[in-house]
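J.: Here you go, one structure.
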Amino acid sequence: MIDTVLFLLVDGLTNGLVYALLALSLVLVFTVTRVVNIAQGEYVMLGALTLADLLQGRMPGTLYLLIGGLVLCIVLDAGRWRRDWRQALLYTTGLIVAGVAALALTRCALALHLPVIGMMLVALILVAPLGALIYRFTVHPIPNATTIVFVIISVGVSMSLQGVALLIWGANPYPVDPIAAGGLMMGPVFIPYQSFAILITALLAMGGLYVFSEFTLLGKALQASAMNRLGAQFCGIPVNMTGALAFLLAAAFSAVSGMLLAPLITANYEMGFMVGLKGFVGGAMGGLIDYPLSLVGVMIVGGLESTSAYVASAYRDVLVFSLLIPILLWRNTRSRVEARR
Amino acid sequence: MSARAKLALAVSAVLLVVPWLLPSFYVGIFAYAGIYALVAVGLVLLLQAGQISLGQGAFMGLGAYGSALVARAYGIDTMITLIMSVCATALVAALIGFITLRLRGHYLPLATLAYGIALASLFTAWHEVTGGASGLDKIPALRLFGFEITDDRLYTQLIWIVTLLAVLGLSRLRTSRTGRAIATLEAHDGLAQAFGVDTTVLRVKVFVFSAVLAALGGALYVHLLRFVSPSPFGLLTSFKLLIMAVVGGPMSAAGGVVGALAMESAQWTLQDVLARWGLSGNLEVIVFGVILVVMLLKWPQGLWPAVEKFLPKPSLRSREGHGLPRSVLTGNRSEVLLRLDGIGIRFGGLQALEGVSMELKRGEFVGLIGPNGAGKTTLFSIISGLQRQTAGRVTLFGEPLSAGHTLVQRGMARTFQHVQLMSDLSVIENVALGAYCRTRAGFVRGLFALDAEENRRALACARAALERVGLAAEADLAAGSLPLGKQRIVEIARALVADPQILLLDEPAAGLRFSEKLTLVKILRQLQAEHVTILLVEHDMELVMGCVERLVVLDRGKIIAEGSPKDVQANPAVISAYLGGSRDKAA
């Protein structure tokens, strides 16, 4: 009995930590840009599949996606040439160099047969900029649209990315190597090393974000845009830049969570949506604005999930999502009390 | 008949004839489009009320499974099972709505997501009854009054009749008493409450109605397909429906139909075209996603407003003739209407108000002034029932203050410091909201247009009020398009339509031009002559001093002076509060 409980606890904690990275991305994107990004889970999928490709020595399809996005960016910003050709030249050259650099980096990594951690870094560098590109294409043109419009737009983005992934990778699942194989017997439970890797990476990512937002100017600009977009704009903070940065960081966090999750469940083109949803559920418990509460939220979701999977696996989703409603009601009354103060 | 009505009739006729002309493969698609349109129309209503639902697919599922399972298991006439299952879904929705609709912000869509997934998973998990993921076949066909509808074309026509009726009903509702109240739900609660809208009940009603449309759609779906399985009622359907409602545009019920037709035809055309070009089916979802994004980037308001620009204007509902009867107020100036006893309120460590006591007698014109942060607006919120005081008592017409939304009924109306208008609705509709508490027609009467006479009188009242404040020319413009000064005047007109005995005005002159201020003063004087009791918060001292009989000065949550304008102007405590300087010296 006790080892079952411990096993469920470890399992729930591991799931929770993966969702935590995702919840972190969602909160980051929401606070800075007011976009509830349903497509956030797709970066999880992209991260996992890119890593799978790299580990098996193939050119990852993500590279084409990235280069395509950069080209589209150049086309969409063609208007710059008329306004200021010097800047436009700089901008276009920059994007082309970025594309070429990404290509070169991938080739190098494949030639050198980097270890898993190295490949994760390369995959991260390939996936994260996609976030900024998606921001450029879908949020930047209509900064003042309503929340619901952005929700639906992100659904469109999610569909497209899933479709692209299906086109590139097909419907087959891909196995992904863990950072370290094997595990450790701790008392009665077996804990795979991957769970430790997830724990360490999640903590590093959260700590990194904290240090970045508290101790760098860019991070402070990000915080300022999150608190008051208009106010930040008046202070000379380019809110479009911070928006793109938020999307980029969020994509990076989600990609990392995908790369950590993939060894546990194998990667495929449609893994992102459900993971994204659960991250969203966790994040929303903190009202999408509160980092620590979101963490508690995803831990609850992870715990509920592994417990109910054990108790009544057919009813897992029924249980997880029905139990959410009382938690939401409780959170709602709490937040009202806090607002009154 | 107006050009718009003729056009609507023509389009409806086309939609009803189309099933008989299409090749049989497309009849089915057209039928499903009709069902999705029906459910999307319900979602549009929800969006108008400021609610986002990601659980609409689950309500479709409840309607579908309810009707299908009972009809299949007990051989009951499907018309009866359909009605029963829609009613049962309404009950479930009422229960869910009652529990979840108190949620705010992101909690509400999240809750809809939660029960949406939970219910949809239940259809799969409970396989002894529902047949699980593989579903159940041999669902009986729909029987209407003993006549079995097995012809797909006839069935499709029936679906579209139901859908068009729903659009017609909801368009009527939009311009009715209840429709105006629904529009307030999206904005701040204060507005709805101040004009007597019981937001909790109305939210549940809207929610239940949209669930009824969804259940109806689900039941129609399942008797058309004659097969029931969980997949059409999952999260993806809920998203699809929401996409249709948003792409079509939540401004009008017709947006739901436009959205459903646009999305379904985009999907099928794409499938067709890509297959013809010999491209893989994977491309379809990519292109579909891109189209969706581009469409919303181009028309963030949805397709309907873009289409509507080219249509003739809709005919306006009648606003001629007499308005509602007005109450005649007596000039008995000794009667105390509003009494505050030692009001205090504390926000955490901040004592915003402390020991505030004052009286408002019938026919009085009292000004409430004080420097910024003195607590004037908080006091207003307490008087109008939007906030509870932590100490003291408020007595209105000799009775203790009741719930916020009942106060306007008892004769107290207010305006807001931060203008609260429904910016998409016309000025006259905004003003007519003031008559909410003086009229009775509810949801159903609005839906079936049984409110014509009452609505005409409410609008006549609103028109008269607009003439009185000099905004008759702007009656049919969107309220959001007016400059701020005029929006404030619209707020006053709205409060007047409530036929108040006490009028609370929160900085009505802020942002007004000189000529507008003169109009304001004229209106205030006239109201005073009609024995309306007025409490005015205002920063424009010239206006205040010229109008009011008595002044109350608030500073840091306490009353520091009271009396005629002249006395107060000479009061050293007031001067020091306004101009700064040492408090000790002033005392």
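Just remember, in the structure tokens the first chain shown is A, the second B, etc., residues are 1-based per chain, and ligands are 1-based in the order shown.
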Write down, as an NGL selection string, each residue of chain A that has any atom within 8 Å of an atom of chain B, counting only C-alpha atoms.
T.: :A and (138 or 141-142 or 145 or 148-149 or 152-164 or 166-167 or 281 or 284-285 or 287-288 or 314-315 or 317-322 or 324-325 or 328-329 or 332 or 340-341)
J.: DSSP on the backbone: what in stretch 73-307 of chain A comes out alpha helix (DSSP H), as a ChimeraX atom specification?
T.: /A:73-76,80-83,85-112,116-138,147-169,193-215,217-227,229-234,239-265,271-285,291-307
J.: I'd like the neighbourhood of A:Pro115 as a list of chain:residue names, where a residue qualifies if any of its atoms comes within 12 Å (using only C-alpha atoms), though same-chain residues fewer than 2 positions away should be ignored.
T.: A:Leu51, A:Leu54, A:Leu55, A:Gln56, A:Gly57, A:Ala109, A:Leu110, A:Ala111, A:Leu112, A:His113, A:Ile117, A:Gly118, A:Met119, A:Met120, A:Leu121, A:Val122, A:Asp177, A:Pro178, A:Ile179, A:Ala180
J.: Which residues, written as a PyMOL selection string, have at least one atom at most 7 Å from stretch 217-226 of chain A, with only C-alpha atoms counted and residues fewer than 2 positions away on the same chain left out?
T.: chain A and resi 31-32+212-215+228-229+232+237+239+242
J.: Dump C-alpha atoms for the selected residues as a JSON list (two decimals), in the first residue's frame?
T.:
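As written to disk, result.json reads:
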[["chain", "number", "residue", "atom", "x", "y", "z"],
["A", 31, "THR", "CA", 0.80, 38.40, -18.40],
["A", 32, "VAL", "CA", 2.90, 40.11, -21.05],
["A", 212, "PHE", "CA", 16.27, 36.98, -15.56],
["A", 213, "SER", "CA", 13.18, 39.00, -14.62],
["A", 214, "GLU", "CA", 14.58, 40.37, -11.38],
["A", 215, "PHE", "CA", 18.17, 41.17, -12.29],
["A", 228, "ASN", "CA", 0.86, 47.64, -17.38],
["A", 229, "ARG", "CA", 1.26, 47.48, -21.12],
["A", 232, "ALA", "CA", 5.43, 50.36, -20.14],
["A", 237, "ILE", "CA", 9.70, 49.96, -23.53],
["A", 239, "VAL", "CA", 6.07, 46.32, -25.99],
["A", 242, "THR", "CA", 8.77, 42.24, -25.01]]
J.: Output as a ChimeraX atom specification all residues of stretch 60-292 of chain A that backbone DSSP marks as strand (DSSP E).
T.: /A:183-186,189-192
J.: Write a file of the selected residues as a CSV table (one decimal), in the first residue's frame, keeping N, CA and C atoms.
T.:
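Listed below is the output, selection13.csv:
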chain,number,residue,atom,x,y,z
A,183,GLY,N,17.8,4.0,-13.2
A,183,GLY,CA,17.1,4.7,-12.1
A,183,GLY,C,17.7,4.3,-10.8
A,184,LEU,N,17.0,4.7,-9.8
A,184,LEU,CA,17.5,4.5,-8.4
A,184,LEU,C,16.4,3.9,-7.6
A,185,MET,N,16.8,2.9,-6.7
A,185,MET,CA,15.8,2.5,-5.8
A,185,MET,C,15.9,3.3,-4.5
A,186,MET,N,14.8,4.0,-4.2
A,186,MET,CA,14.8,4.8,-3.0
A,186,MET,C,13.8,4.2,-2.1
A,189,VAL,N,10.5,2.4,-3.6
A,189,VAL,CA,10.1,2.9,-5.0
A,189,VAL,C,11.3,3.0,-5.9
A,190,PHE,N,11.1,2.7,-7.1
A,190,PHE,CA,12.1,2.9,-8.2
A,190,PHE,C,11.8,4.3,-8.8
A,191,ILE,N,12.9,5.1,-8.8
A,191,ILE,CA,12.7,6.4,-9.4
A,191,ILE,C,13.7,6.5,-10.6
A,192,PRO,N,13.1,6.7,-11.8
A,192,PRO,CA,14.0,6.8,-13.0
A,192,PRO,C,14.9,8.0,-12.9
J.: Just the residues within 12 Å of B:Thr378, please, counting only C-alpha atoms, with nothing from its chain fewer than 4 positions along; format it as a list of chain:residue names.
T.: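 The contact residues come out as B:Ile343, B:Gly344, B:Ile345, B:Arg346, B:Phe347, B:Gln351, B:Ala352, B:Leu353, B:Glu354, B:Val356, B:Asn372, B:Gly373, B:Ala374, B:Ile382, B:Ile383, B:Ser384, B:Gly385, B:Leu386, B:Gln387, B:Arg388, B:Gln389, B:Phe416, B:Gln417, B:Asp506, B:Val537, B:Leu554, B:Arg556, B:Gly557.
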J.: I'd like the contact shell of B:Ile76 - 12 Å cut-off, only C-alpha atoms, skipping same-chain residues fewer than 6 positions apart - returned as an NGL selection string.
T.: :B and (67-70 or 82-84 or 139-143 or 146)
J.: Deliver the residues from the most recent selection as a file, using C-alpha atoms, as a PDB file, in the first residue's frame.
T.:
ATOM      1  CA  SER B  67     -32.822  11.085 -26.823  1.00  0.00           C
ATOM      2  CA  ALA B  68     -31.040   8.253 -28.618  1.00  0.00           C
ATOM      3  CA  LEU B  69     -30.634   5.907 -25.668  1.00  0.00           C
ATOM      4  CA  VAL B  70     -34.173   6.260 -24.357  1.00  0.00           C
ATOM      5  CA  LEU B  82     -36.170  14.581 -28.004  1.00  0.00           C
ATOM      6  CA  ILE B  83     -38.229  17.005 -25.947  1.00  0.00           C
ATOM      7  CA  MET B  84     -37.487  15.085 -22.763  1.00  0.00           C
ATOM      8  CA  ILE B 139     -31.048   4.680 -33.330  1.00  0.00           C
ATOM      9  CA  PRO B 140     -34.688   5.250 -34.329  1.00  0.00           C
ATOM     10  CA  ALA B 141     -35.428   7.986 -36.860  1.00  0.00           C
ATOM     11  CA  LEU B 142     -37.138  11.209 -35.849  1.00  0.00           C
ATOM     12  CA  ARG B 143     -40.937  11.055 -35.771  1.00  0.00           C
ATOM     13  CA  GLY B 146     -46.411  10.147 -35.920  1.00  0.00           C
TER      14      GLY B 146
END
J.: Using only C-alpha atoms, find the one residue out of B:Ala58, B:Leu338, B:Ala432, B:Ala5 that sits nearest to B:Arg180.
T.: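 Checking each of B:Ala58, B:Leu338, B:Ala432, B:Ala5 against B:Arg180, counting only C-alpha atoms, the winner is B:Ala432.
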J.: Here is a test: counting only C-alpha atoms, which residue of B:Leu482, B:Leu535, B:Ala33, B:Leu360 is nearest to B:Ala266?
T.: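 Of the candidates, the smallest distance to B:Ala266 is held by B:Ala33.
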J.: Counting only C-alpha atoms, which of B:Thr390, B:Thr89, B:Ser265, B:Asn455 gets nearest to B:Leu173?
T.: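 The answer is B:Asn455, which sits nearest to B:Leu173.
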J.: From the list B:Glu530, B:Ala31, B:Leu459, B:Gln48, which residue is nearest B:His322 when using only C-alpha atoms?
T.: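 Answer, going by the shortest atom-to-atom distance: B:Leu459.
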J.: Given only C-alpha atoms as the basis, pick out the residue of A:Leu63, A:Leu76, A:Leu28, A:Leu230 nearest to A:Ala104.
T.: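 With only C-alpha atoms as the atom set, the closest residue is A:Leu63.
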J.: Could you tell me how far atom CA of B:Asp476 lies from atom CA of B:Ile492, in Å and to one decimal?
T.: 17.1 Å
J.: May I ask for the distance between atom CA of B:Ala479 and atom CA of B:Leu425, given in Å to one decimal place?
T.: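 Atom CA of B:Leu425 lies 6.1 Å from atom CA of B:Ala479.
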J.: Got a sec: who's within 12 Å of B:Glu542, counting only C-alpha atoms, leaving out chain neighbours fewer than 5 positions off, as a PyMOL selection string?
T.: chain B and resi 367+509+514+517-518+521+547-548+565+569
J.: Have a look at A:Ala181, A:Cys73, A:Leu103, A:Met59 and name the one nearest to A:Ala88; count only C-alpha atoms.
T.: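 The answer is A:Cys73, which sits nearest to A:Ala88.
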J.: For a test of reading the model, state the distance in Å between atom CA of A:Leu293 and atom CA of A:Trp330, rounded to one decimal.
T.: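 Atom-to-atom, atom CA of A:Leu293 and atom CA of A:Trp330 are spaced 13.1 Å apart.
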